[in-house]
Amino acid sequence: MRADRLLSVLLLLQNQGKMSTRQLARELEVSERTVTRDLEALSAAGIPVYAERGREGGWRLTEGYRTSLNGMKPREIASLLLAADRSVLEALGASEDFSAAALKLGASSAARSNTVGGLPSLSDRIYIDGTGWHPSGETCPWLGLLQQAVWEERLAEITYGQGASTRQRIIAPLGLVVKRGVWYVVALTEGSLRTYRVSRIAEAGLREEHFRRPADFALIPYWEQSTAEFKSSLPRYPAVLLVKDTALELLEQERYVRLVEVRTAESPGWRVAEAEFHTLDSACRIILSFGSSLKAVSPPELVQQLVRELEETAALYEEIRNTKPE
């Protein structure tokens, strides 16, 4: 909108000291003619902007003039703190807010508080758990709505799950967490804290009612505790593996494998890995997916299960190979 662009022109001049029409047009991604009209509008509004002629000329503000930054929007400030990963900005639709916020913060010469205009602590609203970050490919059409509910402290009505397990819920969204490219919303539901995977929300809508955030709630400690409790509740299936050096990094990235210890094997180019899977079946699926780059050494039941599955697979292909075409 033009009002935002006029403010951007003003702040660019305030930051840079002097800029040509061409430089302003490039920064704002508009035509030079549009920049000229904007500068004329600022001058007509009483802003002390003037042009210096000549080869080294450009547009300036009168010495000592500074604009107030009290109008900086909370979403703009929040977007700056999310700038560690551009994909997070894009997922939340905050890229434009980031650009505007960077410009406004750059114009501020005095030290400012971390909270501007009552902005709550970002870490209590959005948390990026960076452990093992990689894109998940999940679609989250309701992420923007949930973000609005978090900032405005408004109730949301969601349809969660699929098929027969679908449930209607009224939630008080307290914060958003992204881990491994997967978004979660932490919310109060019927008096207790719950975590919902955003991609599993089939429908969502904002309600008019607001809620009061619990005074003792902190998003990061809650997430860390719930993650630790979830991990401790998972079954563990220990195994000893032989893995090629070239496949070790891929094995380390496997989501459902924990490598307890890795050491050099007797055979060159191989490592011995003590690993923990969740179940026997999970171990078989993951090991087989590595083909000849990974071999199970123990326990015996795992080795036997892998041999059976490989024999059955080989028999299928042998049958195809021996079938004569009609």
# chains A, B, ... in the order shown; residues from 1 in each chain; ligands from 1

$ residues_around --residues "Arg197 in chain A" --least-positions-apart "2" --cutoff "6 Å" --atoms "only C-alpha atoms" --output "list in words"
Tyr184, Ser199 and Arg200 of chain A

$ residues_around --residues "Arg236 in chain A" --least-positions-apart "3" --cutoff "10 Å" --atoms "only C-alpha atoms" --output "count of residues only"
12

$ select_by_dssp --residues "range 265-295 of chain A" --states "strand (DSSP E or B)" --output "PyMOL selection string"
chain A and resi 270-277+294-295

$ residues_around --residues "Leu24 in chain A" --least-positions-apart "6" --cutoff "8 Å" --atoms "only C-alpha atoms" --output "NGL selection string"
:A and (9 or 12 or 32 or 35)

$ write_last_selection --atoms "N, CA, C and O atoms" --output "PDB file, in the first residue's frame"
ATOM      1  N   VAL A   9      10.193   4.889   2.043  1.00  0.00           N
ATOM      2  CA  VAL A   9      11.030   5.925   1.421  1.00  0.00           C
ATOM      3  C   VAL A   9      11.668   6.785   2.505  1.00  0.00           C
ATOM      4  O   VAL A   9      12.877   7.069   2.490  1.00  0.00           O
ATOM      5  N   LEU A  12      14.360   4.828   4.407  1.00  0.00           N
ATOM      6  CA  LEU A  12      15.553   4.611   3.591  1.00  0.00           C
ATOM      7  C   LEU A  12      16.430   5.864   3.577  1.00  0.00           C
ATOM      8  O   LEU A  12      17.658   5.788   3.734  1.00  0.00           O
ATOM      9  N   GLU A  32      10.954   4.654 -11.265  1.00  0.00           N
ATOM     10  CA  GLU A  32      11.512   5.923 -10.818  1.00  0.00           C
ATOM     11  C   GLU A  32      10.428   7.004 -10.782  1.00  0.00           C
ATOM     12  O   GLU A  32      10.455   7.897  -9.929  1.00  0.00           O
ATOM     13  N   VAL A  35       8.660   6.718  -7.527  1.00  0.00           N
ATOM     14  CA  VAL A  35       9.478   7.278  -6.451  1.00  0.00           C
ATOM     15  C   VAL A  35       9.376   8.803  -6.439  1.00  0.00           C
ATOM     16  O   VAL A  35       9.225   9.420  -5.373  1.00  0.00           O
TER      17      VAL A  35
END

$ atom_distance --atom1 "CA of Arg169 in chain A" --atom2 "CA of Ala187 in chain A"
10.6 Å

$ residues_around --residues "Ser289 in chain A" --least-positions-apart "6" --cutoff "12 Å" --atoms "only C-alpha atoms" --output "number ranges by chain"
A: 247, 250-251, 254, 282-283, 295, 306, 310

$ residues_around --residues "Ala204 in chain A" --least-positions-apart "3" --cutoff "7 Å" --atoms "only C-alpha atoms" --output "PyMOL selection string"
chain A and resi 142+156-159

$ residues_around --residues "Val150 in chain A" --least-positions-apart "5" --cutoff "6 Å" --atoms "only C-alpha atoms" --output "PyMOL selection string"
chain A and resi 173-175

$ residues_around --residues "Gln305 in chain A" --least-positions-apart "3" --cutoff "12 Å" --atoms "only C-alpha atoms" --output "PDB file with C-alpha atoms, in the first residue's frame"
ATOM      1  CA  LEU A 280      12.052 -55.229  15.251  1.00  0.00           C
ATOM      2  CA  ASP A 281       9.870 -54.417  12.230  1.00  0.00           C
ATOM      3  CA  SER A 282      11.101 -50.816  12.149  1.00  0.00           C
ATOM      4  CA  ALA A 283      14.709 -52.026  12.274  1.00  0.00           C
ATOM      5  CA  CYS A 284      14.096 -54.398   9.359  1.00  0.00           C
ATOM      6  CA  ARG A 285      12.508 -51.708   7.176  1.00  0.00           C
ATOM      7  CA  ILE A 287      18.145 -51.706   7.334  1.00  0.00           C
ATOM      8  CA  LEU A 288      16.710 -53.108   4.110  1.00  0.00           C
ATOM      9  CA  ALA A 296      22.899 -56.348  10.874  1.00  0.00           C
ATOM     10  CA  SER A 298      22.944 -58.833  16.175  1.00  0.00           C
ATOM     11  CA  PRO A 299      20.564 -59.690  17.776  1.00  0.00           C
ATOM     12  CA  PRO A 300      20.022 -63.087  16.103  1.00  0.00           C
ATOM     13  CA  GLU A 301      16.255 -62.603  15.701  1.00  0.00           C
ATOM     14  CA  LEU A 302      16.884 -59.437  13.679  1.00  0.00           C
ATOM     15  CA  ARG A 308      13.588 -64.361   5.674  1.00  0.00           C
ATOM     16  CA  GLU A 309      12.501 -61.115   4.071  1.00  0.00           C
ATOM     17  CA  LEU A 310      15.412 -61.147   1.631  1.00  0.00           C
ATOM     18  CA  GLU A 311      14.689 -64.775   0.680  1.00  0.00           C
ATOM     19  CA  GLU A 312      11.011 -63.993   0.087  1.00  0.00           C
TER      20      GLU A 312
END

$ atom_distance --atom1 "CA of Ser31 in chain A" --atom2 "CA of Leu7 in chain A"
16.7 Å

$ atom_distance --atom1 "CA of Gly269 in chain A" --atom2 "CA of Leu241 in chain A"
13.7 Å
